[in-house]
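Chemist: Input my_file-v2.cif, format and content: mmCIF, C-alpha atoms and all ligand atoms.
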```
data_protein
#
loop_
_atom_site.group_PDB
_atom_site.id
_atom_site.type_symbol
_atom_site.label_atom_id
_atom_site.label_comp_id
_atom_site.auth_asym_id
_atom_site.auth_seq_id
_atom_site.Cartn_x
_atom_site.Cartn_y
_atom_site.Cartn_z
ATOM 1 C CA MET A 1 16.307 0.583 24.691
ATOM 2 C CA ASN A 2 19.563 -0.102 22.990
ATOM 3 C CA GLY A 3 21.745 2.751 21.822
ATOM 4 C CA ILE A 4 24.699 5.019 22.248
ATOM 5 C CA HIS A 5 24.656 8.760 22.686
ATOM 6 C CA ARG A 6 25.140 10.354 19.216
ATOM 7 C CA TYR A 7 25.599 6.994 17.487
ATOM 8 C CA LYS A 8 23.379 4.755 15.443
ATOM 9 C CA LYS A 9 21.997 1.767 17.184
ATOM 10 C CA ASN A 10 23.773 -1.548 17.142
ATOM 11 C CA GLN A 11 26.366 -0.942 14.437
ATOM 12 C CA PRO A 12 30.129 -1.200 14.584
ATOM 13 C CA VAL A 13 31.953 2.103 14.993
ATOM 14 C CA ASN A 14 35.218 2.175 13.108
ATOM 15 C CA TRP A 15 37.937 4.669 14.014
ATOM 16 C CA PHE A 16 40.660 2.530 12.473
ATOM 17 C CA HIS A 17 42.273 3.280 9.128
ATOM 18 C CA LYS A 18 45.386 1.764 7.579
ATOM 19 C CA SER A 19 46.777 5.257 7.378
ATOM 20 C CA LYS A 20 47.791 6.529 10.813
ATOM 21 C CA SER A 21 46.740 10.061 10.018
ATOM 22 C CA LYS A 22 43.195 8.898 9.275
ATOM 23 C CA SER A 23 42.850 6.807 12.449
ATOM 24 C CA ASN A 24 42.150 7.935 15.990
ATOM 25 C CA GLN A 25 45.266 9.819 17.091
ATOM 26 C CA TYR A 26 45.702 8.395 20.596
ATOM 27 C CA CYS A 27 45.720 4.912 21.995
ATOM 28 C CA LEU A 28 42.461 4.970 23.991
ATOM 29 C CA TYR A 29 44.069 2.836 26.693
ATOM 30 C CA CYS A 30 47.448 4.400 27.515
ATOM 31 C CA GLY A 31 46.916 7.780 25.874
ATOM 32 C CA ARG A 32 50.094 7.684 23.812
ATOM 33 C CA LEU A 33 50.160 9.063 20.282
ATOM 34 C CA VAL A 34 49.504 6.389 17.644
ATOM 35 C CA GLY A 35 48.449 8.738 14.848
ATOM 36 C CA ALA A 36 50.387 10.728 12.279
ATOM 37 C CA ASP A 37 54.107 11.099 13.163
ATOM 38 C CA SER A 38 53.914 8.367 15.799
ATOM 39 C CA ARG A 39 56.827 5.933 15.810
ATOM 40 C CA LEU A 40 55.042 3.655 18.257
ATOM 41 C CA GLU A 41 54.023 0.278 16.891
ATOM 42 C CA SER A 42 50.229 0.152 16.728
ATOM 43 C CA ASN A 43 47.489 -1.948 15.171
ATOM 44 C CA LYS A 44 43.783 -2.625 14.891
ATOM 45 C CA GLU A 45 41.939 -3.190 18.141
ATOM 46 C CA HIS A 46 38.411 -4.475 18.781
ATOM 47 C CA LEU A 47 37.033 -3.184 22.062
ATOM 48 C CA ILE A 48 35.085 -6.401 22.502
ATOM 49 C CA GLY A 49 37.542 -9.131 21.545
ATOM 50 C CA ARG A 50 35.983 -11.321 18.880
ATOM 51 C CA GLU A 51 37.301 -14.384 20.683
ATOM 52 C CA PHE A 52 36.198 -13.081 24.077
ATOM 53 C CA VAL A 53 32.619 -14.110 23.301
ATOM 54 C CA PRO A 54 31.797 -17.545 21.829
ATOM 55 C CA THR A 55 33.125 -17.956 18.296
ATOM 56 C CA GLY A 56 30.721 -16.691 15.682
ATOM 57 C CA GLU A 57 28.597 -14.464 17.933
ATOM 58 C CA PHE A 58 29.751 -11.389 16.050
ATOM 59 C CA GLY A 59 28.401 -12.913 12.847
ATOM 60 C CA ASN A 60 29.712 -11.071 9.836
ATOM 61 C CA GLY A 61 30.815 -8.076 11.870
ATOM 62 C CA ASN A 62 27.710 -5.902 11.631
ATOM 63 C CA LEU A 63 26.966 -5.852 15.362
ATOM 64 C CA PHE A 64 28.187 -3.189 17.726
ATOM 65 C CA ASN A 65 31.899 -3.070 18.412
ATOM 66 C CA LEU A 66 34.368 -0.206 18.623
ATOM 67 C CA ILE A 67 37.293 -0.670 16.276
ATOM 68 C CA PHE A 68 40.242 1.676 16.629
ATOM 69 C CA ARG A 69 44.021 2.006 16.555
ATOM 70 C CA ALA A 70 45.765 0.990 19.780
ATOM 71 C CA CYS A 71 49.434 0.674 20.561
ATOM 72 C CA LYS A 72 50.691 -2.885 20.173
ATOM 73 C CA GLU A 73 51.700 -3.113 23.812
ATOM 74 C CA CYS A 74 48.162 -2.373 25.080
ATOM 75 C CA ASN A 75 46.628 -4.587 22.420
ATOM 76 C CA ASP A 76 48.748 -7.612 23.379
ATOM 77 C CA GLU A 77 48.262 -7.068 27.088
ATOM 78 C CA LYS A 78 44.485 -6.930 26.674
ATOM 79 C CA SER A 79 44.382 -10.115 24.541
ATOM 80 C CA ASP A 80 46.091 -11.966 27.312
ATOM 81 C CA VAL A 81 43.652 -10.805 29.963
ATOM 82 C CA GLU A 82 40.712 -11.476 27.655
ATOM 83 C CA ARG A 83 41.772 -15.064 27.156
ATOM 84 C CA HIS A 84 41.684 -15.721 30.902
ATOM 85 C CA LEU A 85 38.369 -13.978 31.518
ATOM 86 C CA SER A 86 36.764 -15.526 28.459
ATOM 87 C CA SER A 87 37.686 -19.032 29.636
ATOM 88 C CA ILE A 88 36.405 -18.469 33.160
ATOM 89 C CA THR A 89 33.217 -16.601 32.344
ATOM 90 C CA LEU A 90 32.224 -19.062 29.629
ATOM 91 C CA PHE A 91 33.007 -22.018 31.861
ATOM 92 C CA ASN A 92 30.711 -20.583 34.542
ATOM 93 C CA SER A 93 28.088 -19.313 32.108
ATOM 94 C CA PRO A 94 24.462 -20.482 32.280
ATOM 95 C CA ALA A 95 24.559 -20.257 28.464
ATOM 96 C CA ARG A 96 26.241 -23.671 28.502
ATOM 97 C CA LYS A 97 22.977 -25.258 29.516
ATOM 98 C CA ASP A 98 21.100 -23.674 26.634
ATOM 99 C CA SER A 99 23.318 -24.637 23.763
ATOM 100 C CA GLN A 100 25.487 -27.585 22.917
ATOM 101 C CA ALA A 101 27.744 -25.377 20.789
ATOM 102 C CA HIS A 102 28.378 -22.946 23.651
ATOM 103 C CA ASN A 103 28.966 -25.817 26.003
ATOM 104 C CA GLU A 104 31.621 -27.233 23.697
ATOM 105 C CA ILE A 105 33.357 -23.902 23.268
ATOM 106 C CA ALA A 106 33.433 -23.371 27.033
ATOM 107 C CA GLN A 107 34.765 -26.862 27.609
ATOM 108 C CA ARG A 108 37.435 -26.518 24.940
ATOM 109 C CA LYS A 109 38.721 -23.216 26.336
ATOM 110 C CA ALA A 110 38.773 -24.513 29.895
ATOM 111 C CA GLU A 111 40.740 -27.568 28.785
ATOM 112 C CA LYS A 112 43.594 -25.661 27.251
ATOM 113 C CA ASP A 113 43.906 -22.510 29.329
ATOM 114 C CA PHE A 114 45.867 -22.509 32.575
ATOM 115 C CA HIS A 115 44.785 -20.493 35.587
ATOM 116 C CA PRO A 116 47.299 -17.668 36.105
ATOM 117 C CA ASN A 117 47.057 -17.913 39.896
ATOM 118 C CA LYS A 118 47.324 -21.685 40.110
ATOM 119 C CA GLN A 119 50.450 -22.942 38.501
ATOM 120 C CA GLY A 120 49.936 -25.897 36.190
ATOM 121 C CA THR A 121 46.181 -26.043 36.786
ATOM 122 C CA LEU A 122 43.766 -25.873 33.890
ATOM 123 C CA ILE A 123 40.724 -23.625 34.208
ATOM 124 C CA LYS A 124 38.436 -26.666 34.230
ATOM 125 C CA ASP A 125 40.205 -27.991 37.328
ATOM 126 C CA SER A 126 40.714 -24.678 39.066
ATOM 127 C CA GLY A 127 37.560 -24.638 41.199
ATOM 128 C CA ASP A 128 38.123 -24.543 44.934
ATOM 129 C CA ASN A 129 36.803 -27.297 47.054
ATOM 130 C CA PHE A 130 37.134 -27.153 50.769
ATOM 131 C CA THR A 131 35.555 -28.563 53.860
ATOM 132 C CA VAL A 132 33.686 -26.331 56.213
ATOM 133 C CA SER A 133 33.013 -27.249 59.800
ATOM 134 C CA SER A 134 30.497 -25.252 61.663
ATOM 135 C CA ASN A 135 28.811 -25.144 65.024
ATOM 136 C CA PHE A 136 25.125 -24.470 65.092
ATOM 137 C CA GLY A 137 24.102 -24.491 68.747
ATOM 138 C CA PRO A 138 25.073 -27.806 70.247
ATOM 139 C CA ALA A 139 25.492 -29.524 66.881
ATOM 140 C CA SER A 140 28.641 -29.527 64.877
ATOM 141 C CA ILE A 141 28.334 -30.107 61.167
ATOM 142 C CA SER A 142 30.828 -30.532 58.448
ATOM 143 C CA PHE A 143 30.275 -30.239 54.740
ATOM 144 C CA SER A 144 32.311 -29.724 51.657
ATOM 145 C CA ILE A 145 31.847 -27.038 49.075
ATOM 146 C CA ASP A 146 32.765 -27.194 45.412
ATOM 147 C CA GLY A 147 33.324 -23.677 44.227
ATOM 148 C CA PRO A 148 33.458 -22.776 40.543
ATOM 149 C CA PRO A 149 36.748 -21.473 39.087
ATOM 150 C CA GLN A 150 37.356 -17.925 40.216
ATOM 151 C CA ALA A 151 38.446 -15.174 37.870
ATOM 152 C CA ASP A 152 41.550 -13.271 38.842
ATOM 153 C CA GLU A 153 40.462 -9.976 40.461
ATOM 154 C CA ARG A 154 43.230 -7.873 38.995
ATOM 155 C CA ARG A 155 42.363 -9.050 35.516
ATOM 156 C CA ILE A 156 38.679 -8.257 36.083
ATOM 157 C CA GLU A 157 39.663 -4.726 37.074
ATOM 158 C CA PHE A 158 41.960 -4.413 34.065
ATOM 159 C CA LEU A 159 39.438 -5.535 31.449
ATOM 160 C CA ALA A 160 36.589 -3.544 32.991
ATOM 161 C CA TYR A 161 38.802 -0.456 32.839
ATOM 162 C CA ARG A 162 39.601 -1.104 29.163
ATOM 163 C CA HIS A 163 35.932 -1.572 28.245
ATOM 164 C CA VAL A 164 34.874 1.532 30.148
ATOM 165 C CA GLN A 165 37.709 3.569 28.592
ATOM 166 C CA GLY A 166 36.575 2.627 25.095
ATOM 167 C CA ILE A 167 32.908 3.419 25.664
ATOM 168 C CA PHE A 168 33.784 6.628 27.536
ATOM 169 C CA SER A 169 35.912 7.846 24.608
ATOM 170 C CA LEU A 170 33.175 6.876 22.178
ATOM 171 C CA ILE A 171 30.529 8.899 24.005
ATOM 172 C CA THR A 172 32.633 11.945 24.855
ATOM 173 C CA SER A 173 35.061 12.438 21.948
ATOM 174 C CA ARG A 174 33.901 14.966 19.359
ATOM 175 C CA ASP A 175 36.538 13.981 16.815
ATOM 176 C CA PRO A 176 39.036 11.202 17.585
ATOM 177 C CA LEU A 177 41.117 12.231 14.552
ATOM 178 C CA THR A 178 42.230 15.367 16.358
ATOM 179 C CA ALA A 179 43.966 15.951 19.688
ATOM 180 C CA GLU A 180 41.411 18.537 20.821
ATOM 181 C CA GLY A 181 38.490 16.315 19.875
ATOM 182 C CA THR A 182 39.683 13.257 21.776
ATOM 183 C CA CYS A 183 38.586 12.441 25.320
ATOM 184 C CA LEU A 184 40.456 9.773 27.244
ATOM 185 C CA LEU A 185 39.724 8.252 30.625
ATOM 186 C CA SER A 186 42.602 8.198 33.063
ATOM 187 C CA HIS A 187 42.802 5.469 35.688
ATOM 188 C CA LYS A 188 42.599 7.852 38.652
ATOM 189 C CA TYR A 189 38.915 8.526 37.880
ATOM 190 C CA PHE A 190 38.063 4.867 37.430
ATOM 191 C CA HIS A 191 36.360 3.189 40.355
ATOM 192 C CA LEU A 192 35.417 -0.490 40.492
ATOM 193 C CA HIS A 193 32.842 -1.369 43.114
ATOM 194 C CA GLY A 194 32.498 -5.109 42.676
ATOM 195 C CA SER A 195 32.005 -8.136 40.457
ATOM 196 C CA TYR A 196 29.256 -10.726 40.858
ATOM 197 C CA VAL A 197 28.689 -14.193 39.451
ATOM 198 C CA HIS A 198 25.302 -14.800 37.777
ATOM 199 C CA SER A 199 24.014 -16.957 40.609
ATOM 200 C CA ASP A 200 24.281 -13.889 42.868
ATOM 201 C CA TRP A 201 22.795 -11.079 40.782
ATOM 202 C CA GLY A 202 19.824 -10.860 43.114
ATOM 203 C CA ASN A 203 21.782 -9.998 46.251
ATOM 204 C CA PRO A 204 20.456 -6.961 48.164
ATOM 205 C CA GLN A 205 23.476 -4.829 47.366
ATOM 206 C CA LEU A 206 23.183 -5.301 43.626
ATOM 207 C CA LEU A 207 19.384 -4.848 43.741
ATOM 208 C CA ASN A 208 19.919 -1.523 45.461
ATOM 209 C CA ILE A 209 22.570 -0.381 43.004
ATOM 210 C CA MET A 210 20.320 -1.344 40.078
ATOM 211 C CA GLU A 211 17.429 0.633 41.545
ATOM 212 C CA ARG A 212 19.537 3.751 42.178
ATOM 213 C CA ALA A 213 21.190 3.570 38.764
ATOM 214 C CA SER A 214 17.846 3.427 36.973
ATOM 215 C CA GLU A 215 17.276 7.080 37.971
ATOM 216 C CA ILE A 216 20.432 8.335 36.269
ATOM 217 C CA PRO A 217 20.379 9.525 32.624
ATOM 218 C CA CYS A 218 21.727 6.907 30.258
ATOM 219 C CA TYR A 219 24.396 7.588 27.623
ATOM 220 C CA ALA A 220 25.148 4.112 26.371
ATOM 221 C CA ASN A 221 23.152 0.922 26.526
ATOM 222 C CA ILE A 222 24.926 -1.763 24.586
ATOM 223 C CA GLU A 223 23.994 -5.334 23.927
ATOM 224 C CA SER A 224 26.191 -7.040 21.379
ATOM 225 C CA ALA A 225 27.279 -10.516 20.281
ATOM 226 C CA ASN A 226 23.796 -11.902 20.991
ATOM 227 C CA GLY A 227 23.882 -10.780 24.604
ATOM 228 C CA PHE A 228 27.347 -12.151 25.378
ATOM 229 C CA PHE A 229 28.486 -8.568 25.917
ATOM 230 C CA LYS A 230 26.441 -5.921 27.694
ATOM 231 C CA ALA A 231 27.383 -2.487 28.933
ATOM 232 C CA ILE A 232 25.558 0.516 30.294
ATOM 233 C CA MET A 233 26.875 3.963 31.142
ATOM 234 C CA ARG A 234 24.928 6.629 32.968
ATOM 235 C CA ARG A 235 25.832 10.109 34.105
ATOM 236 C CA GLU A 236 24.429 12.244 36.901
ATOM 237 C CA LYS A 237 23.127 15.631 35.824
ATOM 238 C CA GLY A 238 24.200 17.294 39.078
ATOM 239 C CA GLU A 239 27.427 19.159 39.694
ATOM 240 C CA THR A 240 29.435 16.052 40.540
ATOM 241 C CA GLY A 241 28.730 14.613 37.098
ATOM 242 C CA GLU A 242 29.592 11.157 38.358
ATOM 243 C CA TRP A 243 29.224 8.261 35.960
ATOM 244 C CA PHE A 244 27.862 4.850 36.756
ATOM 245 C CA TRP A 245 28.822 1.897 34.592
ATOM 246 C CA ALA A 246 27.987 -1.807 34.494
ATOM 247 C CA LEU A 247 29.310 -4.594 32.313
ATOM 248 C CA GLU A 248 28.125 -8.127 31.732
ATOM 249 C CA TRP A 249 30.477 -10.691 30.231
ATOM 250 C CA ASN A 250 29.320 -13.916 28.588
ATOM 251 C CA LYS A 251 26.026 -13.910 30.545
ATOM 252 C CA SER A 252 28.177 -14.938 33.469
ATOM 253 C CA LEU A 253 29.795 -12.074 35.381
ATOM 254 C CA ARG A 254 28.605 -8.544 36.157
ATOM 255 C CA VAL A 255 31.027 -5.821 37.097
ATOM 256 C CA VAL A 256 29.874 -2.416 38.344
ATOM 257 C CA GLY A 257 31.655 0.821 39.114
ATOM 258 C CA ALA A 258 31.845 4.555 38.638
ATOM 259 C CA ILE A 259 33.864 7.358 37.137
ATOM 260 C CA SER A 260 34.359 10.004 39.785
ATOM 261 C CA GLN A 261 36.824 12.439 41.328
ATOM 262 C CA PRO A 262 39.708 10.478 42.870
ATOM 263 C CA GLU A 263 39.099 11.696 46.413
ATOM 264 C CA ARG A 264 35.341 11.141 46.308
ATOM 265 C CA TYR A 265 33.655 7.880 47.129
ATOM 266 C CA PRO A 266 30.935 7.619 44.444
ATOM 267 C CA ALA A 267 27.528 8.586 45.839
ATOM 268 C CA ILE A 268 25.775 5.619 44.240
ATOM 269 C CA PHE A 269 27.803 3.174 46.332
ATOM 270 C CA GLN A 270 27.391 4.922 49.673
ATOM 271 C CA ASP A 271 25.276 3.363 52.438
ATOM 272 C CA LEU A 272 24.431 0.181 50.588
ATOM 273 C CA PRO A 273 23.018 -2.783 52.492
ATOM 274 C CA SER A 274 25.864 -5.014 53.511
ATOM 275 C CA LEU A 275 25.967 -8.611 52.442
ATOM 276 C CA GLU A 276 25.447 -11.213 55.135
ATOM 277 C CA TRP A 277 28.371 -13.493 55.677
ATOM 278 C CA ASN A 278 28.448 -16.492 57.955
ATOM 279 C CA GLU A 279 31.686 -17.200 59.720
ATOM 280 C CA THR A 280 32.437 -20.853 59.273
ATOM 281 C CA GLY A 281 35.500 -21.268 61.393
ATOM 282 C CA LEU A 282 39.059 -22.063 60.528
ATOM 283 C CA GLN A 283 40.160 -23.821 57.371
ATOM 284 C CA GLU A 284 43.837 -24.655 57.075
ATOM 285 C CA GLY A 285 44.584 -21.889 59.515
ATOM 286 C CA ALA A 286 42.575 -19.251 57.679
ATOM 287 C CA ARG A 287 39.232 -17.897 58.779
ATOM 288 C CA THR A 288 36.551 -18.802 56.253
ATOM 289 C CA ARG A 289 33.153 -17.390 55.654
ATOM 290 C CA ILE A 290 30.367 -18.231 53.277
ATOM 291 C CA ARG A 291 27.434 -16.346 51.938
ATOM 292 C CA LYS A 292 24.335 -17.675 50.304
ATOM 293 C CA GLU A 293 24.129 -16.430 46.752
ATOM 294 C CA ILE A 294 20.831 -14.953 45.635
ATOM 295 C CA PRO A 295 19.819 -15.362 41.983
ATOM 296 C CA LEU A 296 17.965 -12.587 40.232
ATOM 297 C CA GLU A 297 14.454 -13.143 38.949
ATOM 298 C CA PRO A 298 14.557 -12.191 35.249
ATOM 299 C CA GLU A 299 11.541 -9.872 35.525
ATOM 300 C CA LYS A 300 13.307 -7.849 38.218
ATOM 301 C CA ASP A 301 16.384 -7.334 36.087
ATOM 302 C CA ILE A 302 16.625 -3.653 35.158
ATOM 303 C CA MET A 303 20.406 -3.369 35.088
ATOM 304 C CA PHE A 304 20.571 -2.987 31.339
ATOM 305 C CA SER A 305 17.337 -1.193 30.635
ATOM 306 C CA GLY A 306 17.473 2.506 29.994
ATOM 307 C CA MET A 307 16.633 4.927 27.229
ATOM 308 C CA VAL A 308 19.691 6.643 25.798
ATOM 309 C CA GLU A 309 19.654 10.428 25.563
ATOM 310 C CA ASN A 310 19.957 11.633 21.979
ATOM 311 C CA ALA A 311 20.556 8.235 20.464
ATOM 312 C CA GLU A 312 20.446 8.335 16.687
ATOM 313 C CA GLY A 313 18.215 6.116 14.644
ATOM 314 C CA ALA A 314 15.959 3.395 15.906
HETATM 315 ZN ZN ZN B 401 48.475 1.954 24.465
#
```
How does this structure look as structure tokens?
Modeler:
Amino acid sequence: MNGIHRYKKNQPVNWFHKSKSKSNQYCLYCGRLVGADSRLESNKEHLIGREFVPTGEFGNGNLFNLIFRACKECNDEKSDVERHLSSITLFNSPARKDSQAHNEIAQRKAEKDFHPNKQGTLIKDSGDNFTVSSNFGPASISFSIDGPPQADERRIEFLAYRHVQGIFSLITSRDPLTAEGTCLLSHKYFHLHGSYVHSDWGNPQLLNIMERASEIPCYANIESANGFFKAIMRREKGETGEWFWALEWNKSLRVVGAISQPERYPAIFQDLPSLEWNETGLQEGARTRIRKEIPLEPEKDIMFSGMVENAEGA
């Protein structure tokens, strides 16, 4: 099941070397030269931040990660985004119920990290609660909803793009030590369809996407850090050659998208069932709507199952 096209199963891949000339030549994120003759400040980058998942889940470093040279600017920017998404996804993770250690880590992060969109509010206090009034026939009811903390959408898009860039380069680059052998993913081909909290992985849209994706040849199926990081990348054989990708962070949030021509809406996301929203009236002047989340039954979960083409080793 697990594997990466052309790479051995479940092992770290290291493109970093202290010597710039022996490292990957381009920053996989911004595409600038970081190799020999580069004057840009650069350092060691882990595609999956070791602190993004609960402390210790990478063990002694023999699980899959992609380690490479990135420019310092990209590296710092990503660390910042990772901190936010790590705090939120761990705080909302069902893994908290299964382990006291994970629960403590989640709690600790949420107690010291501030929400970037809510000034002065810690992650642990950043959930939305609001009152909804609704009319069902002749009856009017009112109830309040406590929502979990929400991750910042722009940061979700940013980190998903970084993860997909890294895995894309890993699969497609013949030799990252040379310019000709390096393949980079530019943002114009990157398409994010949506992100979903774990309590909603069974919604009809995601079920449909999962079903369609299962037909597409698989080039990377990654499960690392004891399941706190998952990624899958698939590519259509047809002339469009569109890629489908899905990520799962801290058993908590799934993000799905595609790599496609900028002017094309990816085929896999066309004509999906729409999600049913209920209008709930006005709340502080804004129209609100709610939707019942639908959990996924574990035995129906095929998002991260797929045999990788030409994976090495077992
Ligand atoms: Zn960079």
Chemist: Using CA of Lys251 (chain A) and CA of Leu170 (chain A) as the two end points, give the distance in Å to one decimal.
Modeler: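 Answer for the CA of Lys251 (chain A) to CA of Leu170 (chain A) separation: 23.5 Å.
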Chemist: Go through the shown structure with the PyMOL selection byres (((chain A and resi 37-40) around 9) and not hetatm) and write out the matching residues as a list of chain:residue names.
Modeler: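 Expected selection for the PyMOL selection byres (((chain A and resi 37-40) around 9) and not hetatm) here is A:Lys20, A:Ser21, A:Gln25, A:Arg32, A:Leu33, A:Val34, A:Gly35, A:Ala36, A:Glu41, A:Ser42, A:Cys71, A:Lys72.
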Chemist: Create the file for the chosen residues now, containing C-alpha atoms and written as a short mmCIF file (atom, residue, chain, number, x, y, z; two decimals), in the coordinates of the input.
Modeler:
```cif
data_model
loop_
_atom_site.label_atom_id
_atom_site.label_comp_id
_atom_site.auth_asym_id
_atom_site.auth_seq_id
_atom_site.Cartn_x
_atom_site.Cartn_y
_atom_site.Cartn_z
CA LYS A 20 47.79 6.53 10.81
CA SER A 21 46.74 10.06 10.02
CA GLN A 25 45.27 9.82 17.09
CA ARG A 32 50.09 7.68 23.81
CA LEU A 33 50.16 9.06 20.28
CA VAL A 34 49.50 6.39 17.64
CA GLY A 35 48.45 8.74 14.85
CA ALA A 36 50.39 10.73 12.28
CA GLU A 41 54.02 0.28 16.89
CA SER A 42 50.23 0.15 16.73
CA CYS A 71 49.43 0.67 20.56
CA LYS A 72 50.69 -2.88 20.17
#
```
Chemist: Given the file shown, determine the residues that the PyMOL selection byres (((not hetatm)) within 7 of (chain B and resi 401)) selects; report them as a PyMOL selection string.
Modeler: chain A and resi 27-32+70-74
Chemist: Evaluate the PyMOL selection byres (((chain A and resi 257-262) around 12) and not hetatm) here and jot the selected residues down as a PDB file with C-alpha atoms, in the coordinates of the input.
Modeler:
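Final output, saved to selection.pdb:
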```
ATOM      1  CA  ILE A 156      38.679  -8.257  36.083  1.00  0.00           C
ATOM      2  CA  GLU A 157      39.663  -4.726  37.074  1.00  0.00           C
ATOM      3  CA  ALA A 160      36.589  -3.544  32.991  1.00  0.00           C
ATOM      4  CA  TYR A 161      38.802  -0.456  32.839  1.00  0.00           C
ATOM      5  CA  HIS A 163      35.932  -1.572  28.245  1.00  0.00           C
ATOM      6  CA  VAL A 164      34.874   1.532  30.148  1.00  0.00           C
ATOM      7  CA  GLN A 165      37.709   3.569  28.592  1.00  0.00           C
ATOM      8  CA  PHE A 168      33.784   6.628  27.536  1.00  0.00           C
ATOM      9  CA  LEU A 185      39.724   8.252  30.625  1.00  0.00           C
ATOM     10  CA  SER A 186      42.602   8.198  33.063  1.00  0.00           C
ATOM     11  CA  HIS A 187      42.802   5.469  35.688  1.00  0.00           C
ATOM     12  CA  LYS A 188      42.599   7.852  38.652  1.00  0.00           C
ATOM     13  CA  TYR A 189      38.915   8.526  37.880  1.00  0.00           C
ATOM     14  CA  PHE A 190      38.063   4.867  37.430  1.00  0.00           C
ATOM     15  CA  HIS A 191      36.360   3.189  40.355  1.00  0.00           C
ATOM     16  CA  LEU A 192      35.417  -0.490  40.492  1.00  0.00           C
ATOM     17  CA  HIS A 193      32.842  -1.369  43.114  1.00  0.00           C
ATOM     18  CA  GLY A 194      32.498  -5.109  42.676  1.00  0.00           C
ATOM     19  CA  SER A 195      32.005  -8.136  40.457  1.00  0.00           C
ATOM     20  CA  TYR A 196      29.256 -10.726  40.858  1.00  0.00           C
ATOM     21  CA  LEU A 206      23.183  -5.301  43.626  1.00  0.00           C
ATOM     22  CA  ILE A 209      22.570  -0.381  43.004  1.00  0.00           C
ATOM     23  CA  MET A 210      20.320  -1.344  40.078  1.00  0.00           C
ATOM     24  CA  ALA A 213      21.190   3.570  38.764  1.00  0.00           C
ATOM     25  CA  ALA A 231      27.383  -2.487  28.933  1.00  0.00           C
ATOM     26  CA  ILE A 232      25.558   0.516  30.294  1.00  0.00           C
ATOM     27  CA  MET A 233      26.875   3.963  31.142  1.00  0.00           C
ATOM     28  CA  ARG A 234      24.928   6.629  32.968  1.00  0.00           C
ATOM     29  CA  ARG A 235      25.832  10.109  34.105  1.00  0.00           C
ATOM     30  CA  GLU A 236      24.429  12.244  36.901  1.00  0.00           C
ATOM     31  CA  GLU A 239      27.427  19.159  39.694  1.00  0.00           C
ATOM     32  CA  THR A 240      29.435  16.052  40.540  1.00  0.00           C
ATOM     33  CA  GLY A 241      28.730  14.613  37.098  1.00  0.00           C
ATOM     34  CA  GLU A 242      29.592  11.157  38.358  1.00  0.00           C
ATOM     35  CA  TRP A 243      29.224   8.261  35.960  1.00  0.00           C
ATOM     36  CA  PHE A 244      27.862   4.850  36.756  1.00  0.00           C
ATOM     37  CA  TRP A 245      28.822   1.897  34.592  1.00  0.00           C
ATOM     38  CA  ALA A 246      27.987  -1.807  34.494  1.00  0.00           C
ATOM     39  CA  LEU A 247      29.310  -4.594  32.313  1.00  0.00           C
ATOM     40  CA  ARG A 254      28.605  -8.544  36.157  1.00  0.00           C
ATOM     41  CA  VAL A 255      31.027  -5.821  37.097  1.00  0.00           C
ATOM     42  CA  VAL A 256      29.874  -2.416  38.344  1.00  0.00           C
ATOM     43  CA  GLU A 263      39.099  11.696  46.413  1.00  0.00           C
ATOM     44  CA  ARG A 264      35.341  11.141  46.308  1.00  0.00           C
ATOM     45  CA  TYR A 265      33.655   7.880  47.129  1.00  0.00           C
ATOM     46  CA  PRO A 266      30.935   7.619  44.444  1.00  0.00           C
ATOM     47  CA  ALA A 267      27.528   8.586  45.839  1.00  0.00           C
ATOM     48  CA  ILE A 268      25.775   5.619  44.240  1.00  0.00           C
ATOM     49  CA  PHE A 269      27.803   3.174  46.332  1.00  0.00           C
ATOM     50  CA  GLN A 270      27.391   4.922  49.673  1.00  0.00           C
TER      51      GLN A 270
END
```
Chemist: Which one of A:Ala179, A:Leu253, A:Ile105, A:Ile290 sits closest to Phe229 (chain A) if you count only C-alpha atoms?
Modeler: A:Leu253
Chemist: Identify, on the basis of all atoms listed in the file, every residue whose closest approach to Pro12 (chain A) does not exceed 9 Å; exclude the query and any residue fewer than 6 positions from it along the same chain; express the result as JSON, numbers by chain.
Modeler: {"A": [61, 62, 63, 64, 65, 66, 67]}
Chemist: So how far away is CA of Ser144 (chain A) from CA of Asp113 (chain A), in Å?
Modeler: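 Value for the CA of Asp113 (chain A)-CA of Ser144 (chain A) distance: 26.2 Å.
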Chemist: Counting all atoms listed in the file, what is within 12 Å of Asp175 (chain A), bar same-chain residues fewer than 4 positions away, as a ChimeraX atom specification?
Modeler: /A:15,22-26,169-171,179-184
Chemist: Please produce a file of those selected residues containing C-alpha atoms, as a PDB file, in the coordinates of the input.
Modeler:
```pdb
ATOM      1  CA  TRP A  15      37.937   4.669  14.014  1.00  0.00           C
ATOM      2  CA  LYS A  22      43.195   8.898   9.275  1.00  0.00           C
ATOM      3  CA  SER A  23      42.850   6.807  12.449  1.00  0.00           C
ATOM      4  CA  ASN A  24      42.150   7.935  15.990  1.00  0.00           C
ATOM      5  CA  GLN A  25      45.266   9.819  17.091  1.00  0.00           C
ATOM      6  CA  TYR A  26      45.702   8.395  20.596  1.00  0.00           C
ATOM      7  CA  SER A 169      35.912   7.846  24.608  1.00  0.00           C
ATOM      8  CA  LEU A 170      33.175   6.876  22.178  1.00  0.00           C
ATOM      9  CA  ILE A 171      30.529   8.899  24.005  1.00  0.00           C
ATOM     10  CA  ALA A 179      43.966  15.951  19.688  1.00  0.00           C
ATOM     11  CA  GLU A 180      41.411  18.537  20.821  1.00  0.00           C
ATOM     12  CA  GLY A 181      38.490  16.315  19.875  1.00  0.00           C
ATOM     13  CA  THR A 182      39.683  13.257  21.776  1.00  0.00           C
ATOM     14  CA  CYS A 183      38.586  12.441  25.320  1.00  0.00           C
ATOM     15  CA  LEU A 184      40.456   9.773  27.244  1.00  0.00           C
TER      16      LEU A 184
END
```
